[in-house]
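The structure file start-v8.cif is reproduced below (mmCIF, C-alpha atoms and all ligand atoms).
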data_final
loop_
_atom_site.label_atom_id
_atom_site.label_comp_id
_atom_site.auth_asym_id
_atom_site.auth_seq_id
_atom_site.Cartn_x
_atom_site.Cartn_y
_atom_site.Cartn_z
CA MET A 32 0.00 0.00 0.00
CA ILE A 33 1.45 3.36 -0.97
CA VAL A 34 0.35 6.59 0.68
CA GLU A 35 0.23 9.24 -2.00
CA ALA A 36 1.71 12.61 -1.08
CA LYS A 37 0.58 14.41 -4.20
CA LYS A 38 -1.89 17.28 -4.02
CA ASP A 39 -4.73 18.23 -6.27
CA LYS A 40 -4.39 21.74 -7.64
CA ASN A 41 -7.41 23.00 -5.74
CA ASP A 42 -6.49 21.57 -2.36
CA SER A 43 -5.15 24.76 -0.92
CA VAL A 44 -6.11 28.38 -1.12
CA MET A 45 -2.44 29.13 -0.32
CA GLU A 46 -0.89 27.85 -3.55
CA GLU A 47 -0.26 31.32 -4.93
CA GLY A 48 1.50 34.37 -3.50
CA ASN A 49 3.53 34.43 -0.28
CA VAL A 50 2.97 31.05 1.34
CA TYR A 51 4.11 32.35 4.74
CA VAL A 52 1.30 34.90 5.02
CA PRO A 53 -1.40 33.33 7.17
CA HIS A 54 -5.14 33.59 6.72
CA VAL A 55 -6.90 35.38 9.55
CA MET A 56 -9.32 33.08 11.35
CA ARG A 57 -11.81 33.73 14.13
CA ILE A 58 -12.19 31.40 17.12
CA GLU A 59 -15.86 30.42 17.42
CA LYS A 60 -15.79 28.06 20.37
CA VAL A 61 -13.32 26.78 22.97
CA ILE A 62 -13.74 23.36 24.61
CA GLN A 63 -11.67 22.44 27.67
CA GLU A 64 -10.96 18.76 26.97
CA THR A 65 -8.65 18.00 29.90
CA GLN A 66 -6.57 20.03 32.31
CA ASN A 67 -3.98 20.74 29.53
CA ILE A 68 -5.83 20.15 26.24
CA LYS A 69 -8.27 22.51 24.55
CA THR A 70 -10.20 22.17 21.28
CA PHE A 71 -10.89 25.26 19.20
CA HIS A 72 -13.65 25.63 16.61
CA PHE A 73 -12.60 28.29 14.12
CA ASN A 74 -13.55 29.82 10.81
CA PHE A 75 -12.18 32.03 8.05
CA LYS A 76 -12.84 35.73 8.61
CA ASP A 77 -13.15 36.08 4.86
CA GLU A 78 -16.15 34.24 3.37
CA THR A 79 -14.48 33.91 -0.06
CA GLN A 80 -11.49 32.12 1.46
CA LYS A 81 -13.86 29.89 3.40
CA ALA A 82 -15.68 28.92 0.20
CA GLN A 83 -12.40 28.10 -1.59
CA PHE A 84 -10.82 26.09 1.21
CA GLY A 85 -10.49 22.31 1.11
CA PHE A 86 -8.42 19.75 3.01
CA LYS A 87 -8.16 16.01 3.57
CA SER A 88 -8.18 14.01 6.82
CA GLY A 89 -4.62 13.70 8.13
CA GLN A 90 -3.39 17.08 6.91
CA PHE A 91 -2.02 19.72 9.26
CA ALA A 92 -1.55 23.49 9.30
CA GLU A 93 0.65 26.15 10.90
CA TYR A 94 -1.29 28.22 13.44
CA SER A 95 0.01 31.57 14.70
CA VAL A 96 -0.67 33.79 17.65
CA PHE A 97 0.28 37.22 16.37
CA GLY A 98 3.36 38.56 18.14
CA ILE A 99 4.14 35.21 19.80
CA GLY A 100 4.85 32.57 17.16
CA GLU A 101 3.63 29.67 15.09
CA ALA A 102 3.04 25.99 15.86
CA THR A 103 1.89 22.89 13.98
CA PHE A 104 -1.40 21.12 14.63
CA CYS A 105 -3.51 18.73 12.61
CA ILE A 106 -6.95 19.77 11.42
CA SER A 107 -8.99 17.56 13.72
CA SER A 108 -12.43 18.08 12.17
CA SER A 109 -13.69 16.16 9.15
CA PRO A 110 -13.74 17.56 5.60
CA THR A 111 -17.27 16.15 5.42
CA ARG A 112 -18.29 18.89 7.91
CA MET A 113 -17.05 22.21 6.59
CA ASP A 114 -19.30 24.52 8.60
CA HIS A 115 -16.25 25.23 10.76
CA LEU A 116 -12.74 23.78 11.29
CA GLU A 117 -11.30 22.37 14.53
CA PHE A 118 -7.90 21.88 16.10
CA SER A 119 -6.86 20.61 19.52
CA VAL A 120 -3.85 21.76 21.46
CA MET A 121 -1.89 20.29 24.33
CA LYS A 122 -0.19 23.00 26.37
CA VAL A 123 3.55 22.27 26.32
CA GLY A 124 5.37 25.55 25.69
CA LYS A 125 5.31 29.16 24.51
CA VAL A 126 2.94 29.09 21.53
CA THR A 127 0.62 26.45 22.92
CA GLN A 128 0.38 28.45 26.18
CA ALA A 129 -0.61 31.54 24.17
CA ILE A 130 -3.18 29.55 22.18
CA HIS A 131 -4.70 28.29 25.42
CA GLU A 132 -5.27 31.89 26.45
CA LEU A 133 -7.36 32.62 23.33
CA GLN A 134 -11.08 33.21 23.83
CA GLU A 135 -14.11 32.99 21.60
CA GLY A 136 -13.99 35.91 19.13
CA ASP A 137 -10.18 36.16 19.14
CA GLU A 138 -8.18 35.91 15.92
CA ILE A 139 -5.44 33.45 14.91
CA GLY A 140 -3.27 33.00 11.82
CA PHE A 141 -3.64 29.84 9.78
CA ARG A 142 -1.62 28.58 6.83
CA GLY A 143 -2.24 25.24 5.18
CA PRO A 144 -3.42 22.60 4.61
CA TYR A 145 -0.04 20.86 4.41
CA GLY A 146 1.24 17.32 4.20
CA ASN A 147 -0.28 14.14 2.86
CA TRP A 148 -3.42 12.44 4.12
CA PHE A 149 -5.02 9.14 5.01
CA PRO A 150 -5.52 7.14 1.80
CA LEU A 151 -9.32 6.97 1.63
CA ASP A 152 -9.30 5.18 -1.70
CA LEU A 153 -7.17 2.36 -0.29
CA ILE A 154 -9.18 1.83 2.90
CA GLN A 155 -12.55 1.70 1.15
CA GLY A 156 -14.25 -1.70 1.42
CA LYS A 157 -12.01 -2.68 4.35
CA ASN A 158 -12.48 -3.34 8.06
CA LEU A 159 -10.87 -0.49 9.98
CA VAL A 160 -9.17 -0.57 13.36
CA PHE A 161 -8.42 2.87 14.83
CA VAL A 162 -6.00 2.98 17.75
CA GLY A 163 -5.51 6.37 19.39
CA GLY A 164 -3.68 7.48 22.51
CA GLY A 165 -4.17 10.80 24.32
CA ILE A 166 -4.21 13.80 22.02
CA GLY A 167 -3.33 11.34 19.21
CA LEU A 168 -7.05 10.93 18.68
CA ALA A 169 -7.07 14.43 17.10
CA PRO A 170 -6.02 13.42 13.54
CA LEU A 171 -7.84 10.09 13.83
CA ARG A 172 -11.16 11.75 14.69
CA SER A 173 -11.02 13.68 11.41
CA LEU A 174 -10.82 10.36 9.58
CA ILE A 175 -13.30 8.58 11.85
CA TRP A 176 -16.03 11.19 11.24
CA ASN A 177 -15.15 11.18 7.55
CA VAL A 178 -15.61 7.39 7.44
CA LEU A 179 -18.80 7.51 9.51
CA ASP A 180 -20.25 10.14 7.18
CA ASN A 181 -19.69 7.63 4.33
CA ARG A 182 -20.35 4.54 6.44
CA ASN A 183 -21.68 2.28 3.68
CA ILE A 184 -18.35 2.10 1.82
CA TYR A 185 -16.45 0.61 4.78
CA LYS A 186 -16.82 -2.69 6.62
CA ASP A 187 -16.49 -3.26 10.40
CA ILE A 188 -15.10 -0.43 12.50
CA VAL A 189 -13.21 -0.83 15.78
CA ILE A 190 -12.07 2.22 17.72
CA LEU A 191 -9.69 1.78 20.64
CA TYR A 192 -8.85 4.91 22.59
CA GLY A 193 -6.68 5.14 25.66
CA ALA A 194 -5.45 7.82 28.03
CA ARG A 195 -3.39 7.87 31.20
CA SER A 196 -6.34 8.45 33.51
CA PRO A 197 -10.08 9.21 33.25
CA ALA A 198 -9.24 12.92 33.62
CA ASP A 199 -6.93 12.69 30.58
CA LEU A 200 -9.61 11.38 28.18
CA SER A 201 -10.13 13.93 25.40
CA PHE A 202 -13.10 14.24 23.04
CA LYS A 203 -15.52 12.67 25.56
CA TYR A 204 -18.45 13.85 23.40
CA ASP A 205 -17.05 11.84 20.46
CA LEU A 206 -16.40 8.78 22.63
CA GLU A 207 -20.00 8.96 23.84
CA ALA A 208 -21.34 9.28 20.27
CA TRP A 209 -19.27 6.31 19.06
CA GLU A 210 -20.30 4.22 22.12
CA LYS A 211 -23.95 4.77 21.17
CA ASP A 212 -23.37 4.08 17.46
CA ASP A 213 -24.18 0.44 16.73
CA ARG A 214 -22.11 0.65 13.52
CA VAL A 215 -18.96 1.06 15.66
CA ASN A 216 -17.21 -1.21 18.18
CA MET A 217 -15.86 1.28 20.67
CA TYR A 218 -13.35 0.48 23.43
CA THR A 219 -12.03 3.05 25.87
CA THR A 220 -9.27 2.29 28.34
CA VAL A 221 -7.19 4.15 30.92
CA ASP A 222 -3.76 3.26 32.33
CA ARG A 223 -4.97 4.00 35.86
CA GLY A 224 -8.58 4.26 37.02
CA ASP A 225 -9.93 6.36 39.90
CA ASP A 226 -12.79 6.05 42.38
CA SER A 227 -15.38 7.12 39.82
CA TRP A 228 -14.07 5.03 36.88
CA THR A 229 -16.05 1.86 36.16
CA GLY A 230 -14.63 1.30 32.67
CA ARG A 231 -11.70 -0.67 31.34
CA VAL A 232 -8.21 -0.30 32.89
CA GLY A 233 -5.13 -1.35 30.92
CA LEU A 234 -2.55 -0.14 28.45
CA ILE A 235 -3.57 0.08 24.80
CA PRO A 236 -1.40 -2.78 23.39
CA PRO A 237 -2.68 -5.56 25.72
CA VAL A 238 -6.26 -4.31 25.30
CA LEU A 239 -5.79 -4.44 21.53
CA GLU A 240 -4.53 -8.01 21.80
CA GLU A 241 -7.55 -8.89 23.95
CA ILE A 242 -9.97 -7.40 21.39
CA SER A 243 -7.95 -9.31 18.79
CA PRO A 244 -9.31 -7.85 15.52
CA SER A 245 -8.79 -10.10 12.52
CA PRO A 246 -6.21 -8.81 10.04
CA GLU A 247 -8.21 -10.19 7.12
CA ASN A 248 -9.20 -7.37 4.75
CA THR A 249 -8.38 -4.93 7.57
CA VAL A 250 -6.31 -1.75 7.89
CA ALA A 251 -5.14 -0.48 11.29
CA ILE A 252 -4.61 3.25 11.72
CA THR A 253 -2.81 4.50 14.79
CA CYS A 254 -1.69 7.77 16.32
CA GLY A 255 -0.34 8.60 19.75
CA PRO A 256 2.88 9.08 21.71
CA PRO A 257 5.91 7.25 20.19
CA ILE A 258 6.07 4.72 23.02
CA MET A 259 2.42 3.79 22.45
CA ILE A 260 2.96 3.47 18.71
CA LYS A 261 6.01 1.29 19.25
CA PHE A 262 4.13 -1.28 21.37
CA THR A 263 0.93 -1.01 19.32
CA LEU A 264 2.89 -1.95 16.20
CA GLN A 265 4.28 -4.98 18.03
CA SER A 266 0.77 -6.05 19.08
CA LEU A 267 -0.59 -5.60 15.56
CA GLU A 268 2.25 -7.74 14.27
CA LYS A 269 1.41 -10.44 16.84
CA LEU A 270 -2.19 -10.35 15.61
CA GLY A 271 -0.97 -11.02 12.07
CA PHE A 272 -1.11 -7.52 10.56
CA THR A 273 1.54 -6.96 7.90
CA ASN A 274 3.44 -3.66 7.57
CA ASP A 275 1.38 -2.53 4.59
CA GLN A 276 -1.82 -2.96 6.64
CA ILE A 277 -0.74 -0.42 9.26
CA ILE A 278 -0.87 3.35 8.85
CA THR A 279 0.40 5.86 11.37
CA THR A 280 1.13 9.57 11.60
CA LEU A 281 4.48 10.97 12.72
CA GLU A 282 5.38 14.17 14.49
CA MET A 283 8.69 15.90 14.00
CA ARG A 284 9.33 19.47 15.05
CA MET A 285 8.40 21.68 12.11
CA LYS A 286 8.89 25.26 11.06
CA CYS A 287 7.93 26.01 7.45
CA GLY A 288 5.63 23.01 6.94
CA ILE A 289 6.33 23.06 3.20
CA GLY A 290 9.72 21.38 2.68
CA LYS A 291 11.87 24.55 2.69
CA CYS A 292 13.59 24.81 6.08
CA GLY A 293 14.87 21.26 6.60
CA ARG A 294 13.68 21.23 10.22
CA CYS A 295 11.62 18.05 9.98
CA ASN A 296 13.75 15.69 7.95
CA ILE A 297 14.63 12.11 8.82
CA GLY A 298 17.29 11.12 6.29
CA ASN A 299 15.97 12.24 2.94
CA ILE A 300 12.33 12.25 4.09
CA TYR A 301 10.62 15.52 5.01
CA VAL A 302 7.85 14.66 7.43
CA CYS A 303 6.00 17.87 6.44
CA LYS A 304 5.88 17.02 2.73
CA ASP A 305 6.26 13.24 2.55
CA GLY A 306 4.12 12.72 5.68
CA PRO A 307 2.80 13.06 8.30
CA VAL A 308 0.89 9.90 7.25
CA PHE A 309 3.08 6.84 6.65
CA THR A 310 2.62 3.10 6.32
CA CYS A 311 4.43 0.94 8.82
CA ASP A 312 6.60 -0.23 5.91
CA GLN A 313 7.91 3.30 5.37
CA ILE A 314 8.44 3.99 9.07
CA ARG A 315 10.42 0.85 9.67
CA ASN A 316 12.81 1.89 6.92
CA PHE A 317 13.76 5.25 8.34
CA LEU A 318 12.97 5.08 12.04
CA SER A 319 14.59 1.79 12.93
CA ASP A 320 16.10 3.16 16.15
CA GLU A 321 12.93 4.68 17.56
CA PHE A 322 10.48 2.01 16.43
C1 LIG B 401 2.31 17.23 11.85
C2 LIG B 401 2.14 17.61 13.31
C3 LIG B 401 0.86 17.63 13.86
C4 LIG B 401 0.71 18.01 15.20
N1 LIG B 401 -0.57 18.02 15.69
C5 LIG B 401 -0.74 18.38 16.97
C6 LIG B 401 -2.06 18.45 17.50
O1 LIG B 401 -3.06 18.18 16.81
N2 LIG B 401 -2.18 18.85 18.78
C7 LIG B 401 -1.10 19.15 19.57
O2 LIG B 401 -1.29 19.53 20.74
N3 LIG B 401 0.15 19.08 19.11
C8 LIG B 401 0.36 18.73 17.82
N4 LIG B 401 1.63 18.70 17.34
C9 LIG B 401 2.76 19.07 18.23
C10 LIG B 401 2.87 20.60 18.31
O3 LIG B 401 3.29 21.10 17.04
C11 LIG B 401 3.89 21.06 19.38
O4 LIG B 401 3.52 20.57 20.63
C12 LIG B 401 3.96 22.57 19.43
O5 LIG B 401 4.60 23.03 18.28
C13 LIG B 401 4.68 23.06 20.65
O6 LIG B 401 4.78 24.46 20.54
P1 LIG B 401 5.23 25.40 21.75
O7 LIG B 401 5.81 26.64 21.16
O8 LIG B 401 4.10 25.58 22.71
O9 LIG B 401 6.32 24.54 22.49
P2 LIG B 401 7.89 24.86 22.63
O10 LIG B 401 8.04 26.02 23.57
O11 LIG B 401 8.52 24.93 21.30
O12 LIG B 401 8.34 23.49 23.32
C14 LIG B 401 7.88 23.06 24.59
C15 LIG B 401 8.34 21.63 24.84
O13 LIG B 401 7.74 20.71 23.93
C16 LIG B 401 8.72 20.04 23.15
N5 LIG B 401 8.19 19.97 21.79
C17 LIG B 401 7.70 20.98 21.06
N6 LIG B 401 7.26 20.54 19.87
C18 LIG B 401 7.50 19.22 19.83
C19 LIG B 401 7.26 18.20 18.85
N7 LIG B 401 6.69 18.44 17.67
N8 LIG B 401 7.62 16.95 19.18
C20 LIG B 401 8.19 16.67 20.36
N9 LIG B 401 8.42 17.60 21.31
C21 LIG B 401 8.09 18.84 21.06
C22 LIG B 401 9.96 20.92 23.25
O14 LIG B 401 11.12 20.16 23.07
C23 LIG B 401 9.83 21.45 24.66
O15 LIG B 401 10.27 20.52 25.59
C24 LIG B 401 1.83 18.35 16.00
C25 LIG B 401 3.10 18.35 15.43
C26 LIG B 401 3.26 17.98 14.11
C27 LIG B 401 4.62 18.01 13.53
S1 LIG B 402 9.10 21.84 8.33
FE1 LIG B 402 10.44 22.88 7.00
S2 LIG B 402 11.17 21.31 5.72
FE2 LIG B 402 9.63 20.31 6.90
#
This structure in structure tokens:
Amino acid sequence: MIVEAKKDKNDSVMEEGNVYVPHVMRIEKVIQETQNIKTFHFNFKDETQKAQFGFKSGQFAEYSVFGIGEATFCISSSPTRMDHLEFSVMKVGKVTQAIHELQEGDEIGFRGPYGNWFPLDLIQGKNLVFVGGGIGLAPLRSLIWNVLDNRNIYKDIVILYGARSPADLSFKYDLEAWEKDDRVNMYTTVDRGDDSWTGRVGLIPPVLEEISPSPENTVAITCGPPIMIKFTLQSLEKLGFTNDQIITTLEMRMKCGIGKCGRCNIGNIYVCKDGPVFTCDQIRNFLSDEF
């Protein structure tokens, strides 16, 4: 399975002119997901730009707080729902701290969409196993809603989502919707429970092995912290998944997002242009030390 990195001509409204000049967007809603993660609903200030904009699940953008700096986040909403866009941010440093201070009505800069995307054409007609950890559900939820909005062209769907503790579970409203959806087999797990938690306790890889999805006509798509991905890949292998049946997204520190600055390269691969979506085959080739 090959993940195409090519773009259609109309994919971006940023193809012409100075690619570093961001669009001005307005924050429409802020959701406090966990103590250190917030989701932002946002929209183009300019209606013409909104009408021209398109993206694909898995792509990312550069978001700027004017006067502070820029940072990279995936677009976590689905292209099947273009009323507004969404991104989710874990507070880790300078820019993410500034983004967390933004309120409804505030403005942010946005340039993108960048990178490749989940290969919808190749996963059609297949069983899908989504495995997300922590904020790693952000890019997956774009694809999950995309798939659910076209449910009849996919087969069985398993979603496994894990977080460190019940308080660290993001996107609880999505988890609830998928729990209720009888077209989805939803599993939520936490590393450590608490007094109020009556759900599953256990790390993602052993839970995945317990669920034991069949690899036949199935594609597994995973995103999360590197350590989770490492052990999830091992579990998928144990279950009989081959490298071309596993898709993941990678995060490297980025600056330009468009293959100019060389900040994100691993060997001759630029994660911003050649990724962030890769098959396990590709990852094993150039990340042998980490994975
Ligand atoms: C393609 C892609 C998609 C991403 N999507 C999301 C997303 O949806 N939500 C989200 O919260 N984050 C996402 N990230 C990570 C996000 O870009 C960084 O956390 C952010 O840039 C940190 O900015 P900062 O200025 O607040 O942190 P800084 O002040 O620059 O750094 C704070 C700390 O975080 C570490 N750090 C910063 N960036 C990274 C990184 N990329 N990888 C590892 N360590 C890092 C630094 O080493 C430092 O210890 C994504 C990254 C990439 C490349
Ligand atoms: S972020 Fe600049 S080359 Fe990839």
**OP:** Check which residues fall inside 6 Å of ligand LIG 402 (chain B) when counting only C-alpha atoms and all ligand atoms, and print them as number ranges by chain.
**Re:** A: 285-295, 301-303
**OP:** Please extract the residues at most 7 Å from ligand LIG 401 (chain B), counting all atoms listed in the file, and provide them as a list in words, using the chain letters and residue numbers of this document.
**Re:** Phe91, Ala102, Thr103, Phe104, Cys105, Ile106, Ser107, Phe118, Ser119, Val120, Met121, Lys122, Val123, Gly124, Lys125, Val126, Thr127, Gln128, Ile166, Ala169, Pro170, Leu281, Glu282, Met283, Arg284, Met285, Cys303 and Pro307 of chain A
Subject >> Spatial neighbours of Met217 (chain A), 10 Å, all atoms listed in the file, chain gap at least 4 places, as an NGL selection string >> reply: :A and (161 or 188-192 or 206-213)
Original post:
Within 12 Å of Ile62 (chain A), counting all atoms listed in the file, which residues qualify if same-chain residues fewer than 4 places away don't, as a ChimeraX atom specification?
Top reply: /A:58,66-73,117-120,131,133-135,201-204
Subject >> Selected residue, from A:Gly165, A:Asp137, A:Val61, A:Phe84, that lies nearest to Ile258 (chain A) when counting all atoms listed in the file >> reply: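 The closest residue to Ile258 (chain A) is A:Gly165.
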Subject >> Contact residues around Val55 (chain A) with all atoms listed in the file at 9 Å, ignoring same-chain residues under 6 positions, as a list in words >> reply: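 Near Val55 (chain A), the qualifying residues are Asn74, Phe75, Lys76, Asp77, Glu138, Ile139, Gly140 and Phe141 of chain A.
What separates CA of Gly156 (chain A) from CA of Gly89 (chain A) is a distance of 19.4 Å.
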Subject >> Test item: residues at most 8 Å from Ala194 (chain A), all atoms listed in the file, excluding those fewer than 2 positions along its chain, as a VMD selection string >> reply: chain A and resid 164 to 165 192 196 to 197 199 to 200 220 to 222
Subject >> Between CA of Leu267 (chain A) and CA of Gly233 (chain A), distance in Å (one decimal) >> reply: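 The value is 16.6 Å.
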**OP:** Could you please determine the separation between CA of Thr79 (chain A) and CA of Pro110 (chain A) in Å, to one decimal place?
**Re:** 17.3 Å
**OP:** Can you work out which one of A:Leu234, A:Leu116, A:Thr111, A:Ile99 has the shortest atom-to-atom distance to Asn181 (chain A), counting all atoms listed in the file?
**Re:** A:Thr111
